[in-house]
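**Q** Please find coords10.txt (compact mmCIF, C-alpha atoms) on the next line:
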```txt
# COMPACT_ATOMS: atom_id res chain seq x y z
CA MET A 93 88.23 89.06 92.54
CA VAL A 94 88.49 88.44 88.87
CA LYS A 95 91.77 89.90 87.64
CA LYS A 96 90.21 90.93 84.33
CA PHE A 97 87.61 93.11 86.10
CA SER A 98 90.22 94.74 88.33
CA SER A 99 92.51 95.53 85.41
CA PHE A 100 89.58 97.14 83.55
CA ILE A 101 88.60 99.34 86.51
CA LEU A 102 92.17 100.40 87.25
CA HIS A 103 93.06 101.05 83.60
CA PRO A 104 93.06 104.83 83.26
CA PHE A 105 91.84 105.01 79.66
CA ARG A 106 89.36 102.11 79.41
CA PHE A 107 87.50 102.97 82.62
CA ARG A 108 87.30 106.64 81.59
CA LEU A 109 85.65 105.56 78.32
CA TYR A 110 83.19 103.48 80.35
CA MET A 111 82.43 106.52 82.54
CA LEU A 112 81.99 108.74 79.47
CA LYS A 113 79.33 106.36 78.17
CA ASN A 114 77.64 105.38 81.45
CA LEU A 115 78.65 107.87 84.17
CA PRO A 116 79.48 111.19 82.51
CA ALA A 117 78.96 113.23 85.70
CA ALA A 118 81.57 111.11 87.47
CA LEU A 119 84.01 111.58 84.59
CA PHE A 120 83.57 115.36 84.42
CA SER A 121 83.80 115.60 88.22
CA GLY A 122 87.16 113.86 88.20
CA VAL A 123 86.15 110.82 90.24
CA ASN A 124 89.09 108.40 90.26
CA VAL A 125 89.41 104.79 91.40
CA GLU A 126 92.71 104.65 93.24
CA TYR A 127 92.72 101.09 94.62
CA LEU A 128 90.71 97.89 94.26
CA ASP A 129 91.03 94.38 95.68
CA ASN A 130 88.65 91.69 97.00
CA GLU A 131 87.88 93.59 100.18
CA LYS A 132 88.43 97.27 99.54
CA CYS A 133 87.86 100.00 97.00
CA ILE A 134 89.26 103.53 97.29
CA VAL A 135 87.73 106.31 95.19
CA SER A 136 88.67 109.99 95.25
CA ILE A 137 86.90 113.20 94.27
CA PRO A 138 88.92 116.38 93.70
CA PHE A 139 88.06 119.82 94.97
CA LYS A 140 87.75 121.84 91.78
CA TRP A 141 85.41 124.19 89.97
CA PHE A 142 83.07 121.43 88.75
CA THR A 143 82.61 119.84 92.22
CA ARG A 144 82.48 123.03 94.28
CA ASN A 145 79.40 124.64 95.83
CA PRO A 146 78.79 128.37 96.56
CA PHE A 147 80.21 127.88 100.09
CA ASN A 148 83.67 127.03 98.71
CA SER A 149 83.56 123.35 99.63
CA THR A 150 82.87 120.15 97.71
CA TYR A 151 79.19 119.82 96.85
CA PHE A 152 77.42 117.08 98.83
CA ALA A 153 76.25 115.37 95.64
CA SER A 154 79.85 115.06 94.44
CA LEU A 155 80.84 113.52 97.75
CA SER A 156 77.94 111.06 97.65
CA MET A 157 78.78 110.13 94.05
CA ALA A 158 82.32 109.13 95.05
CA ALA A 159 81.07 107.26 98.13
CA GLU A 160 78.50 105.37 96.05
CA MET A 161 81.13 104.45 93.47
CA SER A 162 83.41 102.99 96.16
CA THR A 163 80.61 100.59 97.15
CA GLY A 164 79.25 100.03 93.64
CA ILE A 165 82.55 98.92 92.15
CA LEU A 166 82.88 96.27 94.87
CA ALA A 167 79.33 95.12 94.09
CA MET A 168 80.15 95.00 90.37
CA ALA A 169 83.28 92.98 91.16
CA GLY A 170 81.21 90.48 93.16
CA ASN A 171 78.79 90.22 90.22
CA TYR A 172 81.45 89.90 87.52
CA ASP A 173 81.26 86.69 85.45
CA LYS A 174 78.34 85.32 87.52
CA LYS A 175 75.62 83.18 86.01
CA PRO A 176 72.89 84.30 86.19
CA ARG A 177 73.80 87.97 86.39
CA VAL A 178 72.41 89.84 89.36
CA SER A 179 70.74 93.22 88.90
CA MET A 180 71.86 95.88 91.36
CA LEU A 181 70.08 99.00 92.48
CA VAL A 182 70.68 101.61 95.16
CA THR A 183 67.58 101.66 97.36
CA ARG A 184 68.72 103.99 100.15
CA ILE A 185 71.54 106.35 100.94
CA GLU A 186 72.44 108.01 104.22
CA GLY A 187 75.16 110.57 104.64
CA ARG A 188 76.74 112.22 107.65
CA TYR A 189 78.98 115.20 107.14
CA PHE A 190 81.58 116.18 109.70
CA LYS A 191 83.77 118.83 108.08
CA LYS A 192 83.82 121.01 104.96
CA ALA A 193 85.62 119.31 102.10
CA THR A 194 88.08 121.89 100.79
CA ASN A 195 90.58 119.57 99.10
CA LYS A 196 90.65 116.08 97.60
CA THR A 197 88.41 113.64 99.50
CA THR A 198 89.11 109.91 99.41
CA PHE A 199 86.35 107.39 100.10
CA THR A 200 87.10 103.86 101.26
CA CYS A 201 84.68 100.94 101.36
CA GLU A 202 85.91 97.70 102.91
CA ASP A 203 82.78 95.58 102.37
CA GLY A 204 83.91 93.65 99.28
CA LYS A 205 83.68 90.16 100.77
CA SER A 206 80.26 90.83 102.31
CA LEU A 207 78.91 92.25 99.05
CA ALA A 208 80.21 89.23 97.10
CA SER A 209 78.70 86.89 99.70
CA THR A 210 75.32 88.62 99.39
CA ILE A 211 75.42 88.30 95.60
CA ASN A 212 76.35 84.60 95.84
CA TYR A 213 73.46 84.09 98.28
CA CYS A 214 71.05 85.64 95.76
CA ILE A 215 72.26 83.38 92.98
CA SER A 216 72.30 80.14 94.96
CA ASN A 217 68.87 80.78 96.52
CA ASP A 218 67.28 82.50 93.51
CA THR A 219 66.09 85.34 95.72
CA SER A 220 66.68 89.02 96.25
CA ALA A 221 68.68 90.50 99.11
CA ASN A 222 69.85 93.86 100.38
CA TYR A 223 73.20 94.92 101.76
CA SER A 224 74.14 98.22 103.40
CA ALA A 225 77.71 99.12 102.49
CA ARG A 226 79.70 101.76 104.38
CA SER A 227 82.09 104.28 102.89
CA ARG A 228 84.18 106.80 104.81
CA GLY A 229 85.64 109.92 103.25
CA ILE A 230 88.81 111.55 104.52
CA ASP A 231 90.79 114.54 103.31
CA LYS A 232 94.53 114.81 102.66
CA ASN A 233 95.12 115.61 106.34
CA GLY A 234 93.36 112.42 107.48
CA ASP A 235 90.32 114.28 108.83
CA ILE A 236 86.94 112.58 108.44
CA ILE A 237 84.81 114.55 105.99
CA ALA A 238 81.77 112.29 105.64
CA GLU A 239 80.44 108.77 106.14
CA PHE A 240 77.85 107.16 103.92
CA VAL A 241 75.72 104.04 104.12
CA ILE A 242 74.54 102.93 100.70
CA GLU A 243 71.93 100.17 100.61
CA TRP A 244 72.14 97.95 97.55
CA SER A 245 69.35 95.65 96.42
CA PHE A 246 70.40 92.56 94.48
CA LYS A 247 68.14 90.27 92.47
CA PRO A 248 69.02 87.47 90.03
CA ARG A 249 68.01 88.35 86.50
CA ILE A 250 65.32 86.22 84.92
CA LYS A 251 66.78 83.29 83.06
CA ASN A 252 65.80 83.07 79.41
CA SER A 253 63.94 79.86 78.76
CA VAL A 254 64.21 79.01 75.08
```
Let's see the structure in the file written out as structure tokens.

**A**
Amino acid sequence: MVKKFSSFILHPFRFRLYMLKNLPAALFSGVNVEYLDNEKCIVSIPFKWFTRNPFNSTYFASLSMAAEMSTGILAMAGNYDKKPRVSMLVTRIEGRYFKKATNKTTFTCEDGKSLASTINYCISNDTSANYSARSRGIDKNGDIIAEFVIEWSFKPRIKNSV
């Protein structure tokens, strides 16, 4: 992974500014990137007023937002500094819920190398491809709260011919 990208994502102030501009719901929800390397990204979502539902648990949309971010940051890392850039889009999301989330939930995606490989395939073959990344959410007691499969579609951006 490019060190510059990792330092940007893990920098508490710069990444929060990025979220304010591009992902305000994630910022206001308190989504936090806790760890990032070539293979793994760990993202947490707190249990607080803004993420809670009427049943006194974390709202499913808040959980899916954190799960998607754990996969999306790894996809962004695989796309960082690539020529041509590859557009990315979520095309499908599946979620399974196992237990009420009543405290901080931490999502882990360990598909970084596979996502980067898929992006490299798109660039070298000038074609689109999909990859289904998995993210598992656990609470502070180690109990599984939810598992998500987020399907990403990747496509090389059109090269400008001048």

**Q** Can you tell me, as a list in words, what residues are no more than 9 Å from Ser154 of chain A when counting all atoms listed in the file, ignoring any on the same chain fewer than 6 positions away?

**A**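 Skipping anything fewer than 6 positions along the chain leaves Ala117, Ala118, Ser121, Val123, Ile137, Thr143 and Arg144 of chain A.
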
**Q** Quote the spacing between atom CA of Ser162 of chain A and atom CA of Lys174 of chain A in Å to one decimal place.

**A**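 Answer for the atom CA of Ser162 of chain A to atom CA of Lys174 of chain A separation: 20.3 Å.
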
**Q** So, counting all atoms listed in the file, which residue among A:Cys201, A:Met161, A:Ile101, A:Val182 is closest to Cys133 of chain A?

**A** A:Cys201

**Q** Restricting the calculation to only C-alpha atoms: of A:Ser220, A:Asn130, A:Ser136, A:Thr194, which residue gets closest to Ser206 of chain A?

**A** A:Asn130

**Q** Skipping near chain neighbours, those fewer than 5 positions away, what residues fall within 7 Å of Ser245 of chain A using only C-alpha atoms, listed as a PDB file with C-alpha atoms, in the coordinates of the input?

**A**
```
ATOM      1  CA  MET A 180      71.860  95.880  91.360  1.00  0.00           C
ATOM      2  CA  LEU A 181      70.080  99.000  92.480  1.00  0.00           C
ATOM      3  CA  VAL A 182      70.680 101.610  95.160  1.00  0.00           C
ATOM      4  CA  THR A 183      67.580 101.660  97.360  1.00  0.00           C
ATOM      5  CA  ALA A 221      68.680  90.500  99.110  1.00  0.00           C
ATOM      6  CA  ASN A 222      69.850  93.860 100.380  1.00  0.00           C
ATOM      7  CA  TYR A 223      73.200  94.920 101.760  1.00  0.00           C
TER       8      TYR A 223
END
```

**Q** Give me the residues near Thr163 of chain A as a list of chain:residue names, where near means some atom within 10 Å (using all atoms listed in the file) and where sequence neighbours in that chain fewer than 6 positions away do not count.

**A**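 Here the qualifying residues turn out to be A:Lys132, A:Cys133, A:Ile134, A:Val135, A:Phe199, A:Thr200, A:Cys201, A:Glu202, A:Asp203, A:Gly204, A:Leu207, A:Ser224, A:Ala225, A:Arg226, A:Ser227, A:Phe240, A:Val241, A:Ile242, A:Glu243, A:Trp244.
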
**Q** I'd like to know which of A:Ala153, A:Gly164, A:Phe105, A:Tyr172 is closest to Ala238 of chain A, using only C-alpha atoms.

**A**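 Closest to Ala238 of chain A of all the choices is A:Ala153.
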
**Q** Excluding Pro138 of chain A and residues on its chain fewer than 2 positions from it, collect all residues at most 7 Å away from it, counting all atoms listed in the file, and give them as a JSON list (two decimals) with C-alpha atoms, in the frame of the given file.

**A**
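What ended up in out.json:
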```json
[["chain", "number", "residue", "atom", "x", "y", "z"],
["A", 122, "GLY", "CA", 87.16, 113.86, 88.20],
["A", 136, "SER", "CA", 88.67, 109.99, 95.25],
["A", 140, "LYS", "CA", 87.75, 121.84, 91.78],
["A", 195, "ASN", "CA", 90.58, 119.57, 99.10],
["A", 196, "LYS", "CA", 90.65, 116.08, 97.60],
["A", 197, "THR", "CA", 88.41, 113.64, 99.50]]
```

**Q** So how many Å separate atom CA of Asp173 of chain A and atom CA of Leu102 of chain A, to one decimal?

**A**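 That distance, rounded to one decimal, is 17.6 Å.
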
**Q** So which residues touch Leu119 of chain A within 10 Å, counting all atoms listed in the file, skipping near sequence neighbours fewer than 4 positions away, as a PyMOL selection string?

**A** chain A and resi 107-115+123-124

**Q** Find, counting all atoms listed in the file, the residue in A:Val178, A:Met168, A:Pro146, A:Phe152 that gets nearest to Leu128 of chain A.

**A**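 So, comparing all the options, the nearest one is A:Met168.
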
**Q** Could you check how far atom CA of Ala193 of chain A sits from atom CA of Leu166 of chain A, in Å to one decimal?

**A**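 Separation between atom CA of Ala193 of chain A and atom CA of Leu166 of chain A: 24.3 Å.
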
**Q** Here is a test: counting only C-alpha atoms, which residue of A:Glu160, A:Ala208, A:Pro248, A:Phe147 is nearest to Arg184 of chain A?

**A**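 The closest residue to Arg184 of chain A is A:Glu160.
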
**Q** Using all atoms listed in the file, which of the listed residues (A:Phe246, A:Phe120, A:Phe139, A:Phe100) sits closest to Tyr213 of chain A?

**A** A:Phe246

**Q** Can I get segment 94-125 of chain A with N, CA and C atoms filled in, as a PDB file, keeping the file's coordinate frame?

**A**
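Here's the written file rebuild30.pdb:
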```
ATOM      1  N   VAL A  94      88.035  88.784  90.201  1.00  0.00           N
ATOM      2  CA  VAL A  94      88.490  88.440  88.870  1.00  0.00           C
ATOM      3  C   VAL A  94      89.504  89.484  88.418  1.00  0.00           C
ATOM      4  N   LYS A  95      90.681  89.003  88.036  1.00  0.00           N
ATOM      5  CA  LYS A  95      91.770  89.900  87.640  1.00  0.00           C
ATOM      6  C   LYS A  95      91.382  90.760  86.443  1.00  0.00           C
ATOM      7  N   LYS A  96      90.614  90.203  85.531  1.00  0.00           N
ATOM      8  CA  LYS A  96      90.210  90.930  84.330  1.00  0.00           C
ATOM      9  C   LYS A  96      89.355  92.154  84.709  1.00  0.00           C
ATOM     10  N   PHE A  97      88.448  91.995  85.657  1.00  0.00           N
ATOM     11  CA  PHE A  97      87.610  93.110  86.100  1.00  0.00           C
ATOM     12  C   PHE A  97      88.464  94.192  86.751  1.00  0.00           C
ATOM     13  N   SER A  98      89.346  93.795  87.632  1.00  0.00           N
ATOM     14  CA  SER A  98      90.220  94.740  88.330  1.00  0.00           C
ATOM     15  C   SER A  98      91.097  95.511  87.351  1.00  0.00           C
ATOM     16  N   SER A  99      91.637  94.838  86.371  1.00  0.00           N
ATOM     17  CA  SER A  99      92.510  95.530  85.410  1.00  0.00           C
ATOM     18  C   SER A  99      91.707  96.519  84.563  1.00  0.00           C
ATOM     19  N   PHE A 100      90.438  96.219  84.283  1.00  0.00           N
ATOM     20  CA  PHE A 100      89.580  97.140  83.550  1.00  0.00           C
ATOM     21  C   PHE A 100      89.304  98.398  84.377  1.00  0.00           C
ATOM     22  N   ILE A 101      88.937  98.214  85.639  1.00  0.00           N
ATOM     23  CA  ILE A 101      88.600  99.340  86.510  1.00  0.00           C
ATOM     24  C   ILE A 101      89.806 100.234  86.758  1.00  0.00           C
ATOM     25  N   LEU A 102      90.974  99.636  86.926  1.00  0.00           N
ATOM     26  CA  LEU A 102      92.170 100.400  87.250  1.00  0.00           C
ATOM     27  C   LEU A 102      92.904 100.931  86.018  1.00  0.00           C
ATOM     28  N   HIS A 103      92.444 100.545  84.825  1.00  0.00           N
ATOM     29  CA  HIS A 103      93.060 101.050  83.600  1.00  0.00           C
ATOM     30  C   HIS A 103      92.576 102.476  83.363  1.00  0.00           C
ATOM     31  N   PRO A 104      93.484 103.437  83.326  1.00  0.00           N
ATOM     32  CA  PRO A 104      93.060 104.830  83.260  1.00  0.00           C
ATOM     33  C   PRO A 104      92.248 105.193  82.025  1.00  0.00           C
ATOM     34  N   PHE A 105      92.541 104.633  80.880  1.00  0.00           N
ATOM     35  CA  PHE A 105      91.840 105.010  79.660  1.00  0.00           C
ATOM     36  C   PHE A 105      90.528 104.244  79.489  1.00  0.00           C
ATOM     37  N   ARG A 106      90.561 102.912  79.645  1.00  0.00           N
ATOM     38  CA  ARG A 106      89.360 102.110  79.410  1.00  0.00           C
ATOM     39  C   ARG A 106      88.235 102.462  80.377  1.00  0.00           C
ATOM     40  N   PHE A 107      88.557 102.643  81.658  1.00  0.00           N
ATOM     41  CA  PHE A 107      87.500 102.970  82.620  1.00  0.00           C
ATOM     42  C   PHE A 107      86.957 104.379  82.377  1.00  0.00           C
ATOM     43  N   ARG A 108      87.791 105.290  81.912  1.00  0.00           N
ATOM     44  CA  ARG A 108      87.300 106.640  81.590  1.00  0.00           C
ATOM     45  C   ARG A 108      86.327 106.587  80.392  1.00  0.00           C
ATOM     46  N   LEU A 109      86.603 105.735  79.429  1.00  0.00           N
ATOM     47  CA  LEU A 109      85.650 105.560  78.320  1.00  0.00           C
ATOM     48  C   LEU A 109      84.324 105.005  78.833  1.00  0.00           C
ATOM     49  N   TYR A 110      84.404 104.041  79.745  1.00  0.00           N
ATOM     50  CA  TYR A 110      83.190 103.480  80.350  1.00  0.00           C
ATOM     51  C   TYR A 110      82.407 104.593  81.063  1.00  0.00           C
ATOM     52  N   MET A 111      83.105 105.433  81.826  1.00  0.00           N
ATOM     53  CA  MET A 111      82.430 106.520  82.540  1.00  0.00           C
ATOM     54  C   MET A 111      81.834 107.528  81.557  1.00  0.00           C
ATOM     55  N   LEU A 112      82.527 107.814  80.461  1.00  0.00           N
ATOM     56  CA  LEU A 112      81.990 108.740  79.470  1.00  0.00           C
ATOM     57  C   LEU A 112      80.653 108.233  78.941  1.00  0.00           C
ATOM     58  N   LYS A 113      80.562 106.948  78.706  1.00  0.00           N
ATOM     59  CA  LYS A 113      79.330 106.360  78.170  1.00  0.00           C
ATOM     60  C   LYS A 113      78.253 106.211  79.251  1.00  0.00           C
ATOM     61  N   ASN A 114      78.633 105.763  80.447  1.00  0.00           N
ATOM     62  CA  ASN A 114      77.640 105.380  81.450  1.00  0.00           C
ATOM     63  C   ASN A 114      77.548 106.299  82.672  1.00  0.00           C
ATOM     64  N   LEU A 115      78.610 107.012  82.984  1.00  0.00           N
ATOM     65  CA  LEU A 115      78.650 107.870  84.170  1.00  0.00           C
ATOM     66  C   LEU A 115      79.334 109.204  83.847  1.00  0.00           C
ATOM     67  N   PRO A 116      78.783 109.977  82.926  1.00  0.00           N
ATOM     68  CA  PRO A 116      79.480 111.190  82.510  1.00  0.00           C
ATOM     69  C   PRO A 116      79.688 112.194  83.650  1.00  0.00           C
ATOM     70  N   ALA A 117      78.775 112.293  84.583  1.00  0.00           N
ATOM     71  CA  ALA A 117      78.960 113.230  85.700  1.00  0.00           C
ATOM     72  C   ALA A 117      80.176 112.853  86.523  1.00  0.00           C
ATOM     73  N   ALA A 118      80.397 111.560  86.712  1.00  0.00           N
ATOM     74  CA  ALA A 118      81.570 111.110  87.470  1.00  0.00           C
ATOM     75  C   ALA A 118      82.852 111.437  86.704  1.00  0.00           C
ATOM     76  N   LEU A 119      82.830 111.263  85.397  1.00  0.00           N
ATOM     77  CA  LEU A 119      84.010 111.580  84.590  1.00  0.00           C
ATOM     78  C   LEU A 119      84.338 113.066  84.657  1.00  0.00           C
ATOM     79  N   PHE A 120      83.333 113.913  84.435  1.00  0.00           N
ATOM     80  CA  PHE A 120      83.570 115.360  84.420  1.00  0.00           C
ATOM     81  C   PHE A 120      83.921 115.889  85.809  1.00  0.00           C
ATOM     82  N   SER A 121      83.471 115.196  86.845  1.00  0.00           N
ATOM     83  CA  SER A 121      83.800 115.600  88.220  1.00  0.00           C
ATOM     84  C   SER A 121      85.213 115.210  88.610  1.00  0.00           C
ATOM     85  N   GLY A 122      85.801 114.287  87.889  1.00  0.00           N
ATOM     86  CA  GLY A 122      87.160 113.860  88.200  1.00  0.00           C
ATOM     87  C   GLY A 122      87.238 112.712  89.178  1.00  0.00           C
ATOM     88  N   VAL A 123      86.137 111.985  89.353  1.00  0.00           N
ATOM     89  CA  VAL A 123      86.150 110.820  90.240  1.00  0.00           C
ATOM     90  C   VAL A 123      87.201 109.841  89.726  1.00  0.00           C
ATOM     91  N   ASN A 124      87.995 109.287  90.645  1.00  0.00           N
ATOM     92  CA  ASN A 124      89.090 108.400  90.260  1.00  0.00           C
ATOM     93  C   ASN A 124      89.137 107.190  91.196  1.00  0.00           C
ATOM     94  N   VAL A 125      89.221 106.008  90.609  1.00  0.00           N
ATOM     95  CA  VAL A 125      89.410 104.790  91.400  1.00  0.00           C
ATOM     96  C   VAL A 125      90.906 104.637  91.639  1.00  0.00           C
TER      97      VAL A 125
END
```
